[in-house]
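Structure data follow from structure_26.csv (CSV, N, CA and C atoms):
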chain,number,residue,atom,x,y,z
A,183,GLN,N,138.4,129.4,99.9
A,183,GLN,CA,137.2,128.9,100.5
A,183,GLN,C,136.6,127.7,99.7
A,184,VAL,N,136.2,126.7,100.3
A,184,VAL,CA,135.7,125.5,99.7
A,184,VAL,C,134.2,125.8,99.3
A,185,GLN,N,133.9,125.4,98.1
A,185,GLN,CA,132.5,125.5,97.7
A,185,GLN,C,132.1,124.1,97.2
A,186,LEU,N,130.9,123.7,97.6
A,186,LEU,CA,130.3,122.4,97.2
A,186,LEU,C,128.9,122.7,96.6
A,187,VAL,N,128.7,122.1,95.5
A,187,VAL,CA,127.4,122.3,94.8
A,187,VAL,C,126.8,121.0,94.4
A,188,GLU,N,125.7,120.6,95.0
A,188,GLU,CA,125.1,119.3,94.7
A,188,GLU,C,124.1,119.5,93.5
A,189,SER,N,123.9,118.5,92.8
A,189,SER,CA,122.8,118.5,91.7
A,189,SER,C,122.4,117.0,91.5
A,190,GLY,N,121.3,116.9,90.7
A,190,GLY,CA,120.9,115.5,90.3
A,190,GLY,C,119.7,115.0,91.1
A,191,GLY,N,119.2,115.7,92.0
A,191,GLY,CA,118.0,115.3,92.7
A,191,GLY,C,116.8,115.4,91.9
A,192,GLY,N,115.7,114.8,92.4
A,192,GLY,CA,114.4,114.8,91.6
A,192,GLY,C,113.5,113.8,92.2
A,193,LEU,N,112.4,113.6,91.4
A,193,LEU,CA,111.4,112.7,91.7
A,193,LEU,C,111.6,111.4,91.0
A,194,VAL,N,111.6,110.3,91.7
A,194,VAL,CA,111.8,108.9,91.1
A,194,VAL,C,110.8,108.0,91.8
A,195,GLN,N,110.4,106.9,91.0
A,195,GLN,CA,109.6,105.9,91.6
A,195,GLN,C,110.4,104.9,92.4
A,196,ALA,N,109.7,104.3,93.3
A,196,ALA,CA,110.4,103.3,94.2
A,196,ALA,C,111.0,102.2,93.2
A,197,GLY,N,112.2,101.8,93.6
A,197,GLY,CA,112.9,100.8,92.8
A,197,GLY,C,113.8,101.4,91.7
A,198,GLY,N,113.7,102.7,91.5
A,198,GLY,CA,114.5,103.4,90.5
A,198,GLY,C,115.8,103.8,91.1
A,199,SER,N,116.5,104.6,90.2
A,199,SER,CA,117.9,105.0,90.5
A,199,SER,C,118.1,106.5,90.3
A,200,LEU,N,119.0,107.1,91.0
A,200,LEU,CA,119.4,108.5,90.7
A,200,LEU,C,120.9,108.5,91.0
A,201,ARG,N,121.6,109.5,90.3
A,201,ARG,CA,123.0,109.8,90.6
A,201,ARG,C,123.1,111.2,91.0
A,202,LEU,N,123.5,111.5,92.2
A,202,LEU,CA,123.8,112.8,92.6
A,202,LEU,C,125.2,113.2,92.4
A,203,SER,N,125.4,114.5,92.1
A,203,SER,CA,126.8,115.0,91.9
A,203,SER,C,127.1,116.1,93.0
A,204,CYS,N,128.4,116.1,93.3
A,204,CYS,CA,128.8,117.2,94.3
A,204,CYS,C,130.1,117.8,93.6
A,205,ALA,N,130.0,119.0,93.1
A,205,ALA,CA,131.1,119.6,92.4
A,205,ALA,C,131.8,120.5,93.5
A,206,ALA,N,133.1,120.2,93.6
A,206,ALA,CA,133.9,120.9,94.6
A,206,ALA,C,134.9,121.9,94.0
A,207,SER,N,135.0,123.0,94.6
A,207,SER,CA,136.0,124.0,94.1
A,207,SER,C,136.5,124.9,95.2
A,208,GLY,N,137.6,125.6,94.9
A,208,GLY,CA,138.1,126.6,95.8
A,208,GLY,C,139.4,126.1,96.6
A,209,ARG,N,139.8,124.8,96.3
A,209,ARG,CA,140.9,124.3,97.1
A,209,ARG,C,141.4,123.1,96.3
A,210,THR,N,142.7,122.7,96.6
A,210,THR,CA,143.2,121.4,96.2
A,210,THR,C,142.7,120.4,97.2
A,211,PHE,N,142.0,119.4,96.8
A,211,PHE,CA,141.3,118.5,97.7
A,211,PHE,C,142.1,117.2,98.1
A,212,SER,N,143.4,117.2,97.8
A,212,SER,CA,144.1,116.0,98.0
A,212,SER,C,144.1,115.6,99.5
A,213,SER,N,144.0,116.6,100.4
A,213,SER,CA,144.0,116.3,101.8
A,213,SER,C,142.6,116.2,102.4
A,214,TYR,N,141.6,116.1,101.6
A,214,TYR,CA,140.2,116.2,102.1
A,214,TYR,C,139.5,114.9,101.9
A,215,ALA,N,138.4,114.7,102.6
A,215,ALA,CA,137.5,113.7,102.4
A,215,ALA,C,136.1,114.3,102.2
A,216,LEU,N,135.3,113.7,101.4
A,216,LEU,CA,134.0,114.2,101.1
A,216,LEU,C,133.0,113.2,101.6
A,217,GLY,N,132.0,113.7,102.3
A,217,GLY,CA,130.9,112.8,102.8
A,217,GLY,C,129.6,113.1,102.2
A,218,TRP,N,128.7,112.1,102.2
A,218,TRP,CA,127.3,112.4,101.8
A,218,TRP,C,126.4,112.1,103.0
A,219,PHE,N,125.5,113.0,103.2
A,219,PHE,CA,124.5,112.9,104.3
A,219,PHE,C,123.1,113.1,103.7
A,220,ARG,N,122.1,112.8,104.4
A,220,ARG,CA,120.7,113.2,104.1
A,220,ARG,C,120.0,113.6,105.3
A,221,GLN,N,118.9,114.4,105.1
A,221,GLN,CA,118.1,114.9,106.2
A,221,GLN,C,116.7,114.9,105.7
A,222,ALA,N,115.8,114.1,106.4
A,222,ALA,CA,114.4,114.1,106.1
A,222,ALA,C,113.7,115.1,107.1
A,223,PRO,N,112.5,115.6,106.8
A,223,PRO,CA,111.8,116.5,107.7
A,223,PRO,C,111.7,115.9,109.1
A,224,GLY,N,112.1,116.7,110.1
A,224,GLY,CA,111.9,116.3,111.4
A,224,GLY,C,112.9,115.2,111.9
A,225,LYS,N,113.9,114.9,111.1
A,225,LYS,CA,114.9,113.9,111.5
A,225,LYS,C,116.3,114.5,111.5
A,226,GLU,N,117.2,113.9,112.2
A,226,GLU,CA,118.5,114.3,112.3
A,226,GLU,C,119.3,114.0,110.9
A,227,ARG,N,120.3,114.8,110.7
A,227,ARG,CA,121.1,114.5,109.5
A,227,ARG,C,121.8,113.2,109.6
A,228,GLU,N,121.7,112.4,108.6
A,228,GLU,CA,122.1,111.0,108.6
A,228,GLU,C,123.3,110.8,107.7
A,229,PHE,N,124.4,110.2,108.2
A,229,PHE,CA,125.6,109.9,107.4
A,229,PHE,C,125.3,108.7,106.5
A,230,LEU,N,125.7,108.9,105.2
A,230,LEU,CA,125.5,107.8,104.2
A,230,LEU,C,126.8,107.2,103.9
A,231,GLY,N,127.9,107.9,103.7
A,231,GLY,CA,129.2,107.4,103.3
A,231,GLY,C,130.2,108.5,103.0
A,232,ALA,N,131.4,108.1,102.9
A,232,ALA,CA,132.5,109.1,102.7
A,232,ALA,C,133.5,108.5,101.8
A,233,MET,N,134.2,109.4,101.1
A,233,MET,CA,135.3,109.1,100.2
A,233,MET,C,136.5,109.9,100.5
A,234,ARG,N,137.7,109.3,100.7
A,234,ARG,CA,138.9,110.0,100.8
A,234,ARG,C,139.5,110.4,99.5
A,235,TRP,N,139.8,111.7,99.3
A,235,TRP,CA,140.2,112.1,97.9
A,235,TRP,C,141.5,111.4,97.5
A,236,ILE,N,142.4,111.3,98.4
A,236,ILE,CA,143.7,110.6,98.0
A,236,ILE,C,143.4,109.1,98.1
A,237,GLY,N,143.5,108.4,97.0
A,237,GLY,CA,143.3,107.0,97.0
A,237,GLY,C,141.9,106.5,96.7
A,238,GLY,N,140.9,107.4,97.0
A,238,GLY,CA,139.5,107.0,96.7
A,238,GLY,C,138.9,106.0,97.6
A,239,SER,N,139.5,105.8,98.8
A,239,SER,CA,138.8,104.9,99.7
A,239,SER,C,137.4,105.3,100.1
A,240,THR,N,136.5,104.4,100.3
A,240,THR,CA,135.2,104.7,100.7
A,240,THR,C,134.7,103.8,101.8
A,241,TYR,N,133.7,104.3,102.5
A,241,TYR,CA,132.9,103.4,103.4
A,241,TYR,C,131.5,104.0,103.5
A,242,TYR,N,130.6,103.1,104.0
A,242,TYR,CA,129.2,103.5,104.0
A,242,TYR,C,128.5,103.1,105.3
A,243,ALA,N,127.4,103.8,105.5
A,243,ALA,CA,126.5,103.4,106.6
A,243,ALA,C,125.9,102.1,106.2
A,244,ASP,N,125.6,101.2,107.2
A,244,ASP,CA,125.0,99.9,107.0
A,244,ASP,C,123.7,100.0,106.3
A,245,SER,N,123.0,101.1,106.5
A,245,SER,CA,121.6,101.3,106.0
A,245,SER,C,121.6,101.4,104.5
A,246,VAL,N,122.7,101.8,103.9
A,246,VAL,CA,122.7,102.1,102.4
A,246,VAL,C,123.8,101.3,101.7
A,247,LYS,N,124.7,100.6,102.4
A,247,LYS,CA,125.9,100.1,101.8
A,247,LYS,C,125.7,99.1,100.6
A,248,ARG,N,124.5,98.5,100.5
A,248,ARG,CA,124.3,97.6,99.4
A,248,ARG,C,123.6,98.3,98.3
A,249,ARG,N,123.2,99.5,98.5
A,249,ARG,CA,122.4,100.2,97.4
A,249,ARG,C,123.1,101.5,96.9
A,250,PHE,N,123.9,102.1,97.7
A,250,PHE,CA,124.5,103.4,97.4
A,250,PHE,C,126.0,103.2,97.1
A,251,THR,N,126.5,103.9,96.1
A,251,THR,CA,128.0,103.9,95.8
A,251,THR,C,128.5,105.3,95.6
A,252,ILE,N,129.7,105.6,96.2
A,252,ILE,CA,130.3,106.9,96.0
A,252,ILE,C,131.5,106.7,95.0
A,253,SER,N,131.6,107.6,94.0
A,253,SER,CA,132.7,107.6,93.1
A,253,SER,C,133.1,109.0,92.8
A,254,ARG,N,134.1,109.2,92.0
A,254,ARG,CA,134.6,110.5,91.7
A,254,ARG,C,135.2,110.6,90.3
A,255,ASP,N,135.2,111.9,89.9
A,255,ASP,CA,135.9,112.2,88.6
A,255,ASP,C,136.9,113.3,89.0
A,256,ASN,N,138.2,112.9,89.0
A,256,ASN,CA,139.2,113.8,89.5
A,256,ASN,C,139.3,115.0,88.6
A,257,ALA,N,139.2,114.8,87.3
A,257,ALA,CA,139.3,115.9,86.3
A,257,ALA,C,138.3,117.0,86.5
A,258,LYS,N,137.1,116.5,87.0
A,258,LYS,CA,136.0,117.5,87.2
A,258,LYS,C,135.9,117.9,88.7
A,259,ASN,N,136.7,117.4,89.5
A,259,ASN,CA,136.6,117.7,91.0
A,259,ASN,C,135.2,117.4,91.5
A,260,THR,N,134.7,116.3,91.0
A,260,THR,CA,133.3,116.0,91.3
A,260,THR,C,133.2,114.6,92.0
A,261,VAL,N,132.4,114.5,93.0
A,261,VAL,CA,132.1,113.2,93.6
A,261,VAL,C,130.6,112.9,93.4
A,262,TYR,N,130.3,111.6,93.2
A,262,TYR,CA,129.0,111.2,92.8
A,262,TYR,C,128.5,110.3,93.9
A,263,LEU,N,127.1,110.2,94.0
A,263,LEU,CA,126.5,109.3,94.9
A,263,LEU,C,125.4,108.6,94.0
A,264,GLN,N,125.8,107.3,93.6
A,264,GLN,CA,124.8,106.5,92.9
A,264,GLN,C,123.9,105.8,93.8
A,265,MET,N,122.6,106.0,93.6
A,265,MET,CA,121.6,105.4,94.5
A,265,MET,C,120.7,104.5,93.7
A,266,ASN,N,120.7,103.2,94.1
A,266,ASN,CA,119.9,102.2,93.4
A,266,ASN,C,118.8,101.7,94.3
A,267,SER,N,117.8,101.0,93.7
A,267,SER,CA,116.7,100.4,94.5
A,267,SER,C,116.1,101.4,95.5
A,268,LEU,N,115.8,102.5,95.1
A,268,LEU,CA,115.3,103.6,96.0
A,268,LEU,C,114.0,103.2,96.6
A,269,LYS,N,113.8,103.7,97.8
A,269,LYS,CA,112.6,103.4,98.6
A,269,LYS,C,112.0,104.7,99.0
A,270,PRO,N,110.7,104.7,99.3
A,270,PRO,CA,110.1,106.0,99.8
A,270,PRO,C,110.8,106.6,101.0
A,271,GLU,N,111.3,105.7,101.8
A,271,GLU,CA,112.0,106.2,103.0
A,271,GLU,C,113.4,106.8,102.7
A,272,ASP,N,113.8,106.8,101.5
A,272,ASP,CA,115.0,107.5,101.1
A,272,ASP,C,114.7,109.0,100.7
A,273,THR,N,113.5,109.3,100.8
A,273,THR,CA,113.1,110.7,100.5
A,273,THR,C,113.7,111.7,101.5
A,274,ALA,N,114.5,112.6,101.1
A,274,ALA,CA,115.2,113.6,101.9
A,274,ALA,C,115.9,114.6,101.1
A,275,VAL,N,116.5,115.6,101.8
A,275,VAL,CA,117.5,116.5,101.2
A,275,VAL,C,118.9,115.8,101.3
A,276,TYR,N,119.6,115.7,100.2
A,276,TYR,CA,120.9,115.1,100.2
A,276,TYR,C,122.0,116.1,100.1
A,277,LEU,N,123.0,116.0,101.0
A,277,LEU,CA,124.0,117.0,101.1
A,277,LEU,C,125.4,116.4,101.0
A,278,CYS,N,126.3,117.1,100.4
A,278,CYS,CA,127.7,116.6,100.5
A,278,CYS,C,128.4,117.6,101.4
A,279,ALA,N,129.5,117.1,102.0
A,279,ALA,CA,130.3,117.9,102.9
A,279,ALA,C,131.8,117.5,102.8
A,280,ALA,N,132.6,118.4,103.2
A,280,ALA,CA,134.1,118.2,103.1
A,280,ALA,C,134.8,118.5,104.4
A,281,THR,N,135.9,117.8,104.6
A,281,THR,CA,136.7,118.1,105.8
A,281,THR,C,138.1,117.5,105.5
A,282,GLN,N,139.1,118.1,106.1
A,282,GLN,CA,140.4,117.7,106.0
A,282,GLN,C,140.7,116.4,106.8
A,283,VAL,N,141.4,115.5,106.3
A,283,VAL,CA,141.8,114.3,107.0
A,283,VAL,C,143.3,114.0,106.8
A,284,ARG,N,143.9,113.6,107.9
A,284,ARG,CA,145.3,113.3,107.8
A,284,ARG,C,145.7,111.9,108.0
A,285,THR,N,144.9,111.1,108.6
A,285,THR,CA,145.2,109.7,108.8
A,285,THR,C,144.0,108.8,108.4
A,286,THR,N,144.3,107.6,108.2
A,286,THR,CA,143.2,106.6,107.9
A,286,THR,C,142.2,106.5,109.0
A,287,ALA,N,142.8,106.5,110.2
A,287,ALA,CA,141.9,106.4,111.4
A,287,ALA,C,141.0,107.6,111.5
A,288,GLN,N,141.5,108.8,111.2
A,288,GLN,CA,140.6,109.9,111.2
A,288,GLN,C,139.6,109.8,110.1
A,289,PHE,N,140.0,109.4,109.0
A,289,PHE,CA,139.0,109.3,107.8
A,289,PHE,C,137.9,108.3,108.2
A,290,MET,N,138.2,107.2,108.9
A,290,MET,CA,137.2,106.2,109.2
A,290,MET,C,136.2,106.7,110.3
A,291,GLY,N,136.6,107.8,110.9
A,291,GLY,CA,135.7,108.3,112.0
A,291,GLY,C,134.8,109.5,111.7
A,292,ILE,N,134.8,109.9,110.4
A,292,ILE,CA,134.1,111.2,110.1
A,292,ILE,C,132.6,110.8,109.7
A,293,ILE,N,131.9,110.3,110.7
A,293,ILE,CA,130.5,109.9,110.4
A,293,ILE,C,129.5,110.9,111.0
A,294,SER,N,130.0,111.9,111.8
A,294,SER,CA,129.1,112.9,112.4
A,294,SER,C,129.2,114.2,111.6
A,295,PRO,N,128.0,114.9,111.5
A,295,PRO,CA,128.1,116.1,110.7
A,295,PRO,C,129.0,117.1,111.4
A,296,GLN,N,129.3,117.0,112.7
A,296,GLN,CA,130.2,118.0,113.3
A,296,GLN,C,131.6,117.8,112.9
A,297,GLU,N,131.9,116.7,112.2
A,297,GLU,CA,133.3,116.5,111.8
A,297,GLU,C,133.6,117.3,110.5
A,298,TYR,N,132.6,117.8,109.8
A,298,TYR,CA,132.8,118.4,108.5
A,298,TYR,C,132.7,120.0,108.6
A,299,ASP,N,133.6,120.6,107.8
A,299,ASP,CA,133.7,122.0,107.8
A,299,ASP,C,133.0,122.8,106.7
A,300,TYR,N,132.7,122.1,105.6
A,300,TYR,CA,132.1,122.7,104.5
A,300,TYR,C,130.9,121.9,104.0
A,301,TRP,N,129.9,122.6,103.6
A,301,TRP,CA,128.6,121.9,103.2
A,301,TRP,C,128.1,122.6,101.9
A,302,GLY,N,127.5,121.7,101.1
A,302,GLY,CA,126.7,122.2,100.0
A,302,GLY,C,125.3,122.6,100.4
A,303,GLN,N,124.5,123.1,99.5
A,303,GLN,CA,123.2,123.6,99.8
A,303,GLN,C,122.1,122.5,99.9
A,304,GLY,N,122.5,121.3,99.3
A,304,GLY,CA,121.6,120.2,99.3
A,304,GLY,C,120.8,120.1,98.0
A,305,THR,N,120.3,118.9,97.8
A,305,THR,CA,119.4,118.6,96.6
A,305,THR,C,118.3,117.6,97.1
A,306,GLN,N,117.1,117.9,96.7
A,306,GLN,CA,116.0,117.2,97.1
A,306,GLN,C,115.8,115.9,96.3
A,307,VAL,N,115.6,114.8,97.0
A,307,VAL,CA,115.3,113.5,96.4
A,307,VAL,C,113.9,113.1,97.0
A,308,THR,N,113.0,112.8,96.1
A,308,THR,CA,111.7,112.3,96.5
A,308,THR,C,111.4,111.0,95.8
A,309,VAL,N,111.1,110.0,96.6
A,309,VAL,CA,110.8,108.6,96.0
A,309,VAL,C,109.4,108.3,96.2
A,310,SER,N,108.6,108.1,95.2
A,310,SER,CA,107.2,107.9,95.3
A,310,SER,C,107.0,106.4,95.3
A,311,SER,N,105.9,106.0,96.0
A,311,SER,CA,105.6,104.6,96.1
A,311,SER,C,104.7,104.1,95.0

What is this structure when it is put down as structure tokens?
Amino acid sequence: QVQLVESGGGLVQAGGSLRLSCAASGRTFSSYALGWFRQAPGKEREFLGAMRWIGGSTYYADSVKRRFTISRDNAKNTVYLQMNSLKPEDTAVYLCAATQVRTTAQFMGIISPQEYDYWGQGTQVTVSS
């Protein structure tokens, strides 16, 4: 069973930065991709970006691509979300998720929450103005 645990959330002022972590366990992740999402109160879960474990390819939603970066530490089975130039509208619960991918085309299409099989519990990020 795949387990995902997010950490690193908190309160930050507008313009600041945070780095979130997603520690993955329970499986060999070479055939997986990990995605980052966020959900604000009353809003739908929003895709932020994804990383394919093999090769480390990434892509991002247009809304965050110049401010957010996904990276990983293979030795720790951990994926990170570096968030810079944070805005009050970035306030949300941030979640990581995992799914198996077999092709590049499939990897590039995993932007919907329904594409993911495993989820972490989320970590709260609050950006004050």

**Study point:** Selection: 6.5 Å around A:Leu193, all atoms listed in the file, excl. self and same-chain fewer than 4 positions, as JSON, numbers by chain
**Key:** {"A": [306, 307, 308, 309, 310]}

Answer as a short mmCIF file (atom, residue, chain, number, x, y, z; two decimals) with N, CA and C atoms, in the frame of the given file, residues within 7 Å of (123.0, 120.0, 96.5) using only C-alpha atoms:
data_model
loop_
_atom_site.label_atom_id
_atom_site.label_comp_id
_atom_site.auth_asym_id
_atom_site.auth_seq_id
_atom_site.Cartn_x
_atom_site.Cartn_y
_atom_site.Cartn_z
N VAL A 187 128.70 122.10 95.50
CA VAL A 187 127.40 122.30 94.80
C VAL A 187 126.80 121.00 94.40
N GLU A 188 125.70 120.60 95.00
CA GLU A 188 125.10 119.30 94.70
C GLU A 188 124.10 119.50 93.50
N SER A 189 123.90 118.50 92.80
CA SER A 189 122.80 118.50 91.70
C SER A 189 122.40 117.00 91.50
N CYS A 204 128.40 116.10 93.30
CA CYS A 204 128.80 117.20 94.30
C CYS A 204 130.10 117.80 93.60
N TYR A 276 119.60 115.70 100.20
CA TYR A 276 120.90 115.10 100.20
C TYR A 276 122.00 116.10 100.10
N LEU A 277 123.00 116.00 101.00
CA LEU A 277 124.00 117.00 101.10
C LEU A 277 125.40 116.40 101.00
N GLY A 302 127.50 121.70 101.10
CA GLY A 302 126.70 122.20 100.00
C GLY A 302 125.30 122.60 100.40
N GLN A 303 124.50 123.10 99.50
CA GLN A 303 123.20 123.60 99.80
C GLN A 303 122.10 122.50 99.90
N GLY A 304 122.50 121.30 99.30
CA GLY A 304 121.60 120.20 99.30
C GLY A 304 120.80 120.10 98.00
N THR A 305 120.30 118.90 97.80
CA THR A 305 119.40 118.60 96.60
C THR A 305 118.30 117.60 97.10
#

Who sits within 7 Å of A:Val283, all atoms listed in the file, same chain under 6 positions skipped, as a JSON list (two decimals) with N, CA and C atoms, in the coordinates of the input:
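See part35.json below for the written result:
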[["chain", "number", "residue", "atom", "x", "y", "z"],
["A", 213, "SER", "N", 144.00, 116.60, 100.40],
["A", 213, "SER", "CA", 144.00, 116.30, 101.80],
["A", 213, "SER", "C", 142.60, 116.20, 102.40],
["A", 214, "TYR", "N", 141.60, 116.10, 101.60],
["A", 214, "TYR", "CA", 140.20, 116.20, 102.10],
["A", 214, "TYR", "C", 139.50, 114.90, 101.90],
["A", 215, "ALA", "N", 138.40, 114.70, 102.60],
["A", 215, "ALA", "CA", 137.50, 113.70, 102.40],
["A", 215, "ALA", "C", 136.10, 114.30, 102.20],
["A", 289, "PHE", "N", 140.00, 109.40, 109.00],
["A", 289, "PHE", "CA", 139.00, 109.30, 107.80],
["A", 289, "PHE", "C", 137.90, 108.30, 108.20]]

Exercise for review: Excluding A:Arg209 and any residue of its chain fewer than 2 positions from it, enumerate the residues within 9 Å of it, using only C-alpha atoms, and give them as a PyMOL selection string.
Suggested key: chain A and resi 183-185+206-207+211-212

Point to revise | Expected answer as a list in words: alpha helix (DSSP H) residues in stretch 235-291 of chain A | key: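 Selecting the alpha helix (DSSP H) positions of stretch 235-291 of chain A gives Thr286, Ala287, Gln288 and Phe289 of chain A.
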
Exercise for review: Find, counting all atoms listed in the file, the residue in A:Ala222, A:Cys278, A:Met290, A:Met233 that gets nearest to A:Ser253.
Suggested key: A:Met233

Review point. From the set A:Val246, A:Ala287, A:Leu263, A:Ile252, which residue has the shortest atom-to-atom contact distance to A:Leu200, counting all atoms listed in the file?
Key: A:Leu263

Review point. In Å to one decimal, how far is atom CA of A:Trp218 from atom CA of A:Ile236?
Key: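 We find that atom CA of A:Ile236 and atom CA of A:Trp218 lie 16.9 Å from each other.
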
Check your understanding: So what do you get for atom CA of A:Arg227 versus atom N of A:Tyr241, distance-wise?
Key -> 17.7 Å

Kindly complete stretch 196-212 of chain A to N, CA, C and O atoms; the output should be written as an mmCIF file, in the frame of the given file.
data_model
loop_
_atom_site.group_PDB
_atom_site.id
_atom_site.type_symbol
_atom_site.label_atom_id
_atom_site.label_comp_id
_atom_site.auth_asym_id
_atom_site.auth_seq_id
_atom_site.Cartn_x
_atom_site.Cartn_y
_atom_site.Cartn_z
ATOM 1 N N ALA A 196 109.700 104.300 93.300
ATOM 2 C CA ALA A 196 110.400 103.300 94.200
ATOM 3 C C ALA A 196 111.000 102.200 93.200
ATOM 4 O O ALA A 196 110.349 101.793 92.257
ATOM 5 N N GLY A 197 112.200 101.800 93.600
ATOM 6 C CA GLY A 197 112.900 100.800 92.800
ATOM 7 C C GLY A 197 113.800 101.400 91.700
ATOM 8 O O GLY A 197 114.633 100.753 91.133
ATOM 9 N N GLY A 198 113.700 102.700 91.500
ATOM 10 C CA GLY A 198 114.500 103.400 90.500
ATOM 11 C C GLY A 198 115.800 103.800 91.100
ATOM 12 O O GLY A 198 116.199 103.522 92.198
ATOM 13 N N SER A 199 116.500 104.600 90.200
ATOM 14 C CA SER A 199 117.900 105.000 90.500
ATOM 15 C C SER A 199 118.100 106.500 90.300
ATOM 16 O O SER A 199 117.372 107.067 89.429
ATOM 17 N N LEU A 200 119.000 107.100 91.000
ATOM 18 C CA LEU A 200 119.400 108.500 90.700
ATOM 19 C C LEU A 200 120.900 108.500 91.000
ATOM 20 O O LEU A 200 121.452 107.818 91.836
ATOM 21 N N ARG A 201 121.600 109.500 90.300
ATOM 22 C CA ARG A 201 123.000 109.800 90.600
ATOM 23 C C ARG A 201 123.100 111.200 91.000
ATOM 24 O O ARG A 201 122.775 112.104 90.142
ATOM 25 N N LEU A 202 123.500 111.500 92.200
ATOM 26 C CA LEU A 202 123.800 112.800 92.600
ATOM 27 C C LEU A 202 125.200 113.200 92.400
ATOM 28 O O LEU A 202 126.112 112.383 92.437
ATOM 29 N N SER A 203 125.400 114.500 92.100
ATOM 30 C CA SER A 203 126.800 115.000 91.900
ATOM 31 C C SER A 203 127.100 116.100 93.000
ATOM 32 O O SER A 203 126.205 116.800 93.435
ATOM 33 N N CYS A 204 128.400 116.100 93.300
ATOM 34 C CA CYS A 204 128.800 117.200 94.300
ATOM 35 C C CYS A 204 130.100 117.800 93.600
ATOM 36 O O CYS A 204 131.161 117.123 93.616
ATOM 37 N N ALA A 205 130.000 119.000 93.100
ATOM 38 C CA ALA A 205 131.100 119.600 92.400
ATOM 39 C C ALA A 205 131.800 120.500 93.500
ATOM 40 O O ALA A 205 131.210 121.317 94.116
ATOM 41 N N ALA A 206 133.100 120.200 93.600
ATOM 42 C CA ALA A 206 133.900 120.900 94.600
ATOM 43 C C ALA A 206 134.900 121.900 94.000
ATOM 44 O O ALA A 206 135.440 121.615 92.898
ATOM 45 N N SER A 207 135.000 123.000 94.600
ATOM 46 C CA SER A 207 136.000 124.000 94.100
ATOM 47 C C SER A 207 136.500 124.900 95.200
ATOM 48 O O SER A 207 136.084 124.779 96.332
ATOM 49 N N GLY A 208 137.600 125.600 94.900
ATOM 50 C CA GLY A 208 138.100 126.600 95.800
ATOM 51 C C GLY A 208 139.400 126.100 96.600
ATOM 52 O O GLY A 208 139.978 126.821 97.320
ATOM 53 N N ARG A 209 139.800 124.800 96.300
ATOM 54 C CA ARG A 209 140.900 124.300 97.100
ATOM 55 C C ARG A 209 141.400 123.100 96.300
ATOM 56 O O ARG A 209 140.758 122.525 95.487
ATOM 57 N N THR A 210 142.700 122.700 96.600
ATOM 58 C CA THR A 210 143.200 121.400 96.200
ATOM 59 C C THR A 210 142.700 120.400 97.200
ATOM 60 O O THR A 210 142.963 120.547 98.421
ATOM 61 N N PHE A 211 142.000 119.400 96.800
ATOM 62 C CA PHE A 211 141.300 118.500 97.700
ATOM 63 C C PHE A 211 142.100 117.200 98.100
ATOM 64 O O PHE A 211 141.509 116.330 98.632
ATOM 65 N N SER A 212 143.400 117.200 97.800
ATOM 66 C CA SER A 212 144.100 116.000 98.000
ATOM 67 C C SER A 212 144.100 115.600 99.500
ATOM 68 O O SER A 212 144.263 114.445 99.844
#
